[in-house]
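Student: One structure is given below, represented as structure tokens, and several questions about it will come after.
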Amino acid sequence: MVTCLGDLFYPEVGERIVRLLRRLGVAVEFPAGQTCCGLPLFNSGYHEEAATVARRTVRLFDGDTPVVVPSGSCAWMVKHEYPGLMKDAADRAAATRLAARTWELSQFLVRGLGRSRFVAAVRGRLTYHDSCHLLRGLHEAESPRVLLRALAGAELVELPNADECCGFGGSFAVRLPDVSSAILDRKLAAVEASGADCVVACDAGCLMQMRGGLGRRGSRVRALHLAEVLDVEGEPS
Amino acid sequence: MSEPEVATPLRERTGHALRDPFLQQALTIATTRFIDLRREAFGDFPDGESLRDRARAIKEATLQRLDHHVERLVASVESRGGHVHYAVTAEEARAIVLDIARRSGARLAVKSKSMATEEIHLNEALATAGVTPVETDLGEYIIQLAHERPSHIIAPAIHKTRGQVAELFERELKRPAAPDPEALTAIAREELRRRFLDADLGITGANFAVAETGTVVLVTNEGNGRMVTSLPRVHVALMGVEKVIPSMSDLMVFLAVLARSATGQKLSVYTSLVSGPRRGGELEGPEEFHLVLLDNGRIAQIAGSLREALACLRCGACLNVCPVYRQIGGHAYGYTYPGPIGILLTAMLNGPRSVKDLAHASSLCGACADACPVRIDIPRMLIELRREVDERRIAPRGERAAFRALARLLVRPAWYRLTARVARVLQAPFVRGRTIRRVPFDLGEWTRTRDLPAVAPRTFQERWAALEREGR
């Protein structure tokens, strides 16, 4: 599942993931007709509409293949909210099965494939920002850090208050843009103070927010998706 | 609707808060300190997690049979010579307290910190009726002098720096005051001492009321609660009806998590157990004791979407960790209860219309639910409130239309792909490299402070065919 932000704004992240997985021996399929998981509708309280979008996605991903999602929040939506949104029993059963075989990328690599040793696709010091839905929704703080700590050719530095929100929050970012930006300022100050050259995240929403803020500040620090810093040994992609 | 609607739009309120450098400084210092203290307190407390579960389970079980526990509480308080009153609305609660004040001929009331009395706007009512209310908690004393309202559930003056407090004391008390917490506390203590002795009425809230014993429990750090409950002739305790707990052994569970969550203390400095009026042979305590149980929208939520919020201990932990609260402070929320839990409580007291904007004053990051000693799923209920705001057609018509249009688009992949192509054409004049720095109209809310990624020259879906061939 590429997710809407991944499809429209960060297609190279999706490309890298496909190549990365293939090098790890995983055959990758991409069901046509994907749009969005429906999280923006759900979080804003439009649950019937979110259910319609979710039902379509559940049917699109019917089968037994593991589903890898490059965004913690979308993975959370599928795993945590999809089953409860389905009214029809058959749909609910299908949504429950989909929830069980859906993985956020870092979790799939570490916990699904048991692969944690990669080489760095970027140089310098990295730091990691915990995305809220991955951390508190899927309770995953370790997998991304396992990958980044073991990353040959890069150094991981801890980000002070890494678990604090970046201020994105979907429609929150435009409903209360001043507050969202003030929260972002606090986050970016911590990123810059960490001395890292690059802040890594596992959610397209956080990346959009942090990249947007860093760009506007003219910062030398880059915000990258986890997939953008991982390479398989011996075969740079 | 228990509290008046706030006239100033939320955006204006938050803007005001963000531009106040004193507020920003005070908030950062205080909330950071609270966060660190709480983390330490639970860090070396191995039973913490299971006690949180236990506390929540007790609250749930009590709510299941709230009528039974309230009946027991009433019987216990009355058997010890106290009086119990029940107020369905804020107005009724004010009338009950004013009536007690009138019958006892009170002119001066000392108060210990109580959000329930703030919720019913008791001080204004007392003053109008000719009874002078004096707040004796240091933070409450400060904001009363400043003619403000609390901006935090447990630290009412959290929005003020020490320098501002010193200036306030100099102006209002007409005496020199150094910006030093100890000196300022000494001044307040001196000012308050004679008020304690002169007061005819003591008013408190209650952190808990134990049904089996009729004991009202006050958790404080300054000892003012004890003076308020023992010096004046009459003591009135006002509390939300959901604060009843079955037994003393339950109380121990709550005390173990409350102070740790609130201030990072193992136990607050004072835990006062008040059991009715002074009886024969006792040396201190009031001659009359009244307990006012306040409904004000709570009972309806036992079977409502905000039920979980009835488990709230009012510790304030969710405020301290909330990225939004930390930026805007309590006053910007506009009602008595600020922060994430405050949005839920505001909806409970004043109905969903009062939170049509506030329900969105959260990035749903979940830090609040993590910090909550009784694990209230605040983000989930905020989403529920948003749903209610939509379903009751309180949300703006334009917004509802836009989200419905988005939903239609997202189930039609051909439209979705077409939209991406159209966006690429429309964005062309604004794109520099792969980003957009300025756009007109609504999206400007994003680009005022942040670059916006442009829709990629080729989306992932448009690249897939080539990518698929590459894999063969």
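Here, A, B, ... name the chains of the structure tokens in the order displayed, residue numbers run from 1 inside each chain, and ligands are numbered from 1 in the same displayed order.
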Would you list the contacts of A:Ala193 as a ChimeraX atom specification, taking every protein, DNA or RNA residue within 9 Å and counting only C-alpha atoms, but skipping same-chain residues closer than 5 positions in sequence?
Tutor: /A:159-160,188
Student: Let's have the selection written as an mmCIF file, in the first residue's frame, with C-alpha atoms.
Tutor:
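Done, and the output landed in out02.cif:
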data_model
loop_
_atom_site.group_PDB
_atom_site.id
_atom_site.type_symbol
_atom_site.label_atom_id
_atom_site.label_comp_id
_atom_site.auth_asym_id
_atom_site.auth_seq_id
_atom_site.Cartn_x
_atom_site.Cartn_y
_atom_site.Cartn_z
ATOM 1 C CA LEU A 159 16.792 13.121 19.390
ATOM 2 C CA PRO A 160 15.848 14.905 22.625
ATOM 3 C CA LEU A 188 12.978 21.378 14.664
#
Student: Please identify all residues of chain B having at least one atom at most 8 Å from any atom of chain A, considering only C-alpha atoms, and return them as a PDB file with C-alpha atoms, in the first residue's frame.
Tutor:
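Saved to selection.pdb:
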ATOM      1  CA  ARG B  11      -7.824  31.063  16.144  1.00  0.00           C
ATOM      2  CA  THR B  14      -4.485  30.792  20.221  1.00  0.00           C
ATOM      3  CA  GLY B  15      -2.785  33.576  18.300  1.00  0.00           C
ATOM      4  CA  LEU B  18       1.416  32.307  20.959  1.00  0.00           C
ATOM      5  CA  PRO B 323       1.816  19.732  22.605  1.00  0.00           C
ATOM      6  CA  VAL B 324      -1.140  22.037  22.041  1.00  0.00           C
ATOM      7  CA  GLN B 327       1.884  26.161  23.247  1.00  0.00           C
ATOM      8  CA  ILE B 328      -1.356  27.934  24.075  1.00  0.00           C
ATOM      9  CA  HIS B 360     -10.055  19.958  16.605  1.00  0.00           C
ATOM     10  CA  ALA B 361      -7.524  21.599  18.938  1.00  0.00           C
ATOM     11  CA  SER B 362      -5.515  18.393  19.093  1.00  0.00           C
ATOM     12  CA  SER B 363      -3.067  16.671  16.772  1.00  0.00           C
ATOM     13  CA  LEU B 364      -4.351  13.363  18.227  1.00  0.00           C
ATOM     14  CA  CYS B 365      -0.777  12.503  19.165  1.00  0.00           C
ATOM     15  CA  GLY B 366      -1.946  10.353  22.062  1.00  0.00           C
ATOM     16  CA  ALA B 367       0.495  11.664  24.673  1.00  0.00           C
ATOM     17  CA  ASP B 370      -0.350   7.659  27.725  1.00  0.00           C
ATOM     18  CA  ILE B 383     -12.682  11.892  17.381  1.00  0.00           C
ATOM     19  CA  GLU B 384     -16.112  10.876  18.688  1.00  0.00           C
ATOM     20  CA  LEU B 385     -16.836  14.513  19.501  1.00  0.00           C
ATOM     21  CA  ARG B 386     -15.793  15.529  15.999  1.00  0.00           C
ATOM     22  CA  ARG B 387     -18.219  12.931  14.683  1.00  0.00           C
ATOM     23  CA  GLU B 388     -20.974  14.291  16.833  1.00  0.00           C
ATOM     24  CA  VAL B 389     -20.219  17.828  15.666  1.00  0.00           C
ATOM     25  CA  ASP B 390     -20.566  16.609  12.084  1.00  0.00           C
ATOM     26  CA  PHE B 403     -15.057  16.134   3.357  1.00  0.00           C
ATOM     27  CA  ARG B 404     -17.981  14.432   1.611  1.00  0.00           C
ATOM     28  CA  ALA B 407     -14.809  10.751   0.300  1.00  0.00           C
ATOM     29  CA  LEU B 410     -11.337   8.471  -2.732  1.00  0.00           C
ATOM     30  CA  VAL B 411     -13.652   5.685  -3.856  1.00  0.00           C
ATOM     31  CA  PRO B 413      -9.587   5.871  -8.488  1.00  0.00           C
ATOM     32  CA  ALA B 414     -10.020   7.387 -11.947  1.00  0.00           C
ATOM     33  CA  TYR B 416      -8.268  10.473  -7.916  1.00  0.00           C
ATOM     34  CA  ALA B 420      -3.430  14.473  -9.438  1.00  0.00           C
ATOM     35  CA  ARG B 437       6.577  28.102  -1.152  1.00  0.00           C
ATOM     36  CA  LEU B 443      -3.774  26.189   1.182  1.00  0.00           C
ATOM     37  CA  GLU B 445      -2.580  28.122   5.818  1.00  0.00           C
ATOM     38  CA  TRP B 446       0.127  25.578   5.196  1.00  0.00           C
ATOM     39  CA  THR B 449       5.273  28.785   7.649  1.00  0.00           C
ATOM     40  CA  ARG B 450       6.078  25.629   5.718  1.00  0.00           C
ATOM     41  CA  ASP B 451       7.016  24.566   2.198  1.00  0.00           C
ATOM     42  CA  LEU B 452       4.454  22.312   0.580  1.00  0.00           C
ATOM     43  CA  PRO B 453       5.574  19.327  -1.460  1.00  0.00           C
ATOM     44  CA  ALA B 454       4.401  19.558  -5.056  1.00  0.00           C
ATOM     45  CA  VAL B 455       2.524  16.692  -6.641  1.00  0.00           C
ATOM     46  CA  ALA B 456       5.364  14.694  -8.183  1.00  0.00           C
ATOM     47  CA  ARG B 458       5.049  11.218 -11.980  1.00  0.00           C
ATOM     48  CA  THR B 459       3.155   9.621  -9.116  1.00  0.00           C
ATOM     49  CA  PHE B 460       4.031   6.193  -7.790  1.00  0.00           C
ATOM     50  CA  GLN B 461       1.065   4.721  -9.631  1.00  0.00           C
ATOM     51  CA  TRP B 464       4.492   1.299 -11.319  1.00  0.00           C
ATOM     52  CA  LEU B 467       8.874  -0.662 -11.818  1.00  0.00           C
ATOM     53  CA  GLY B 471      11.300  -6.715 -11.305  1.00  0.00           C
TER      54      GLY B 471
END
Student: Rounded to one decimal, what separation in Å do you get between atom CA of A:Gly153 and atom CA of A:Phe118?
Tutor: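 Interatomic distance here is 9.4 Å.
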Student: Run DSSP on the backbone and tell me which residues of stretch 114-329 of chain B come out as alpha helix (DSSP H); list them as number ranges by chain.
Tutor: B: 115-119, 122-128, 138-145, 162-173, 181-198, 224-230, 248-262, 317-321, 323-328
Student: Could you pull the residues within 12 Å of A:Val157, counting only C-alpha atoms, minus those fewer than 6 positions along the same chain, as a list in words?
Tutor: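 Everything that qualifies: Gly124, Arg125, Leu126, Thr127, Tyr128, His129, Arg145, Leu148, Arg149, Ala190, Val191, Glu192, Ala193, Ser194, Gly195, Ala196, Asp197, Cys198, Val199 and Val200 of chain A.
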Student: Please produce a file of the residues just selected, as a PDB file, in the first residue's frame, where the atoms kept are N, CA, C and O atoms.
Tutor:
ATOM      1  N   GLY A 124      26.709  10.637   7.181  1.00  0.00           N
ATOM      2  CA  GLY A 124      26.597  11.557   8.302  1.00  0.00           C
ATOM      3  C   GLY A 124      25.801  11.013   9.463  1.00  0.00           C
ATOM      4  O   GLY A 124      25.559   9.809   9.586  1.00  0.00           O
ATOM      5  N   ARG A 125      25.409  11.935  10.305  1.00  0.00           N
ATOM      6  CA  ARG A 125      24.700  11.547  11.520  1.00  0.00           C
ATOM      7  C   ARG A 125      23.188  11.591  11.313  1.00  0.00           C
ATOM      8  O   ARG A 125      22.663  12.556  10.756  1.00  0.00           O
ATOM      9  N   LEU A 126      22.526  10.546  11.782  1.00  0.00           N
ATOM     10  CA  LEU A 126      21.082  10.465  11.667  1.00  0.00           C
ATOM     11  C   LEU A 126      20.443  10.573  13.046  1.00  0.00           C
ATOM     12  O   LEU A 126      21.034  10.180  14.045  1.00  0.00           O
ATOM     13  N   THR A 127      19.245  11.087  13.068  1.00  0.00           N
ATOM     14  CA  THR A 127      18.481  11.013  14.300  1.00  0.00           C
ATOM     15  C   THR A 127      17.071  10.571  13.934  1.00  0.00           C
ATOM     16  O   THR A 127      16.653  10.685  12.781  1.00  0.00           O
ATOM     17  N   TYR A 128      16.347  10.021  14.921  1.00  0.00           N
ATOM     18  CA  TYR A 128      15.046   9.436  14.625  1.00  0.00           C
ATOM     19  C   TYR A 128      13.925  10.129  15.391  1.00  0.00           C
ATOM     20  O   TYR A 128      14.025  10.334  16.599  1.00  0.00           O
ATOM     21  N   HIS A 129      12.877  10.494  14.661  1.00  0.00           N
ATOM     22  CA  HIS A 129      11.680  11.086  15.267  1.00  0.00           C
ATOM     23  C   HIS A 129      10.593  10.016  15.338  1.00  0.00           C
ATOM     24  O   HIS A 129      10.256   9.408  14.323  1.00  0.00           O
ATOM     25  N   ARG A 145      14.696   1.990  15.312  1.00  0.00           N
ATOM     26  CA  ARG A 145      15.983   2.245  15.969  1.00  0.00           C
ATOM     27  C   ARG A 145      16.945   1.069  15.773  1.00  0.00           C
ATOM     28  O   ARG A 145      18.147   1.270  15.614  1.00  0.00           O
ATOM     29  N   LEU A 148      18.358   1.606  12.386  1.00  0.00           N
ATOM     30  CA  LEU A 148      19.258   2.756  12.267  1.00  0.00           C
ATOM     31  C   LEU A 148      20.540   2.552  13.066  1.00  0.00           C
ATOM     32  O   LEU A 148      21.617   2.983  12.648  1.00  0.00           O
ATOM     33  N   ARG A 149      20.426   1.880  14.206  1.00  0.00           N
ATOM     34  CA  ARG A 149      21.630   1.615  15.010  1.00  0.00           C
ATOM     35  C   ARG A 149      22.582   0.679  14.284  1.00  0.00           C
ATOM     36  O   ARG A 149      23.797   0.837  14.360  1.00  0.00           O
ATOM     37  N   ALA A 190      14.898  20.952  18.401  1.00  0.00           N
ATOM     38  CA  ALA A 190      15.513  19.755  18.979  1.00  0.00           C
ATOM     39  C   ALA A 190      16.317  19.008  17.921  1.00  0.00           C
ATOM     40  O   ALA A 190      17.418  18.520  18.188  1.00  0.00           O
ATOM     41  N   VAL A 191      15.771  18.941  16.704  1.00  0.00           N
ATOM     42  CA  VAL A 191      16.471  18.266  15.605  1.00  0.00           C
ATOM     43  C   VAL A 191      17.808  18.956  15.345  1.00  0.00           C
ATOM     44  O   VAL A 191      18.859  18.311  15.256  1.00  0.00           O
ATOM     45  N   GLU A 192      17.774  20.278  15.274  1.00  0.00           N
ATOM     46  CA  GLU A 192      19.013  21.002  14.968  1.00  0.00           C
ATOM     47  C   GLU A 192      20.008  20.911  16.119  1.00  0.00           C
ATOM     48  O   GLU A 192      21.207  20.829  15.901  1.00  0.00           O
ATOM     49  N   ALA A 193      19.482  20.891  17.351  1.00  0.00           N
ATOM     50  CA  ALA A 193      20.367  20.796  18.515  1.00  0.00           C
ATOM     51  C   ALA A 193      21.019  19.416  18.620  1.00  0.00           C
ATOM     52  O   ALA A 193      22.067  19.261  19.241  1.00  0.00           O
ATOM     53  N   SER A 194      20.402  18.415  18.006  1.00  0.00           N
ATOM     54  CA  SER A 194      20.943  17.056  18.107  1.00  0.00           C
ATOM     55  C   SER A 194      22.241  16.907  17.327  1.00  0.00           C
ATOM     56  O   SER A 194      22.984  15.961  17.530  1.00  0.00           O
ATOM     57  N   GLY A 195      22.494  17.823  16.435  1.00  0.00           N
ATOM     58  CA  GLY A 195      23.715  17.758  15.634  1.00  0.00           C
ATOM     59  C   GLY A 195      23.608  16.801  14.461  1.00  0.00           C
ATOM     60  O   GLY A 195      24.601  16.512  13.788  1.00  0.00           O
ATOM     61  N   ALA A 196      22.402  16.278  14.213  1.00  0.00           N
ATOM     62  CA  ALA A 196      22.234  15.324  13.117  1.00  0.00           C
ATOM     63  C   ALA A 196      22.203  16.046  11.770  1.00  0.00           C
ATOM     64  O   ALA A 196      21.825  17.214  11.692  1.00  0.00           O
ATOM     65  N   ASP A 197      22.594  15.313  10.738  1.00  0.00           N
ATOM     66  CA  ASP A 197      22.503  15.859   9.379  1.00  0.00           C
ATOM     67  C   ASP A 197      21.158  15.540   8.771  1.00  0.00           C
ATOM     68  O   ASP A 197      20.775  16.112   7.759  1.00  0.00           O
ATOM     69  N   CYS A 198      20.479  14.611   9.410  1.00  0.00           N
ATOM     70  CA  CYS A 198      19.274  14.088   8.800  1.00  0.00           C
ATOM     71  C   CYS A 198      18.348  13.524   9.862  1.00  0.00           C
ATOM     72  O   CYS A 198      18.790  12.806  10.749  1.00  0.00           O
ATOM     73  N   VAL A 199      17.078  13.907   9.804  1.00  0.00           N
ATOM     74  CA  VAL A 199      16.104  13.341  10.737  1.00  0.00           C
ATOM     75  C   VAL A 199      15.248  12.330   9.967  1.00  0.00           C
ATOM     76  O   VAL A 199      14.744  12.622   8.883  1.00  0.00           O
ATOM     77  N   VAL A 200      15.151  11.135  10.535  1.00  0.00           N
ATOM     78  CA  VAL A 200      14.447  10.041   9.853  1.00  0.00           C
ATOM     79  C   VAL A 200      13.087   9.830  10.527  1.00  0.00           C
ATOM     80  O   VAL A 200      12.976   9.903  11.754  1.00  0.00           O
TER      81      VAL A 200
END
Student: To one decimal place in Å, what is the distance between atom CA of B:Cys322 and atom CA of A:Asp130?
Tutor: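 Between atom CA of B:Cys322 and atom CA of A:Asp130 the gap works out to 15.5 Å.
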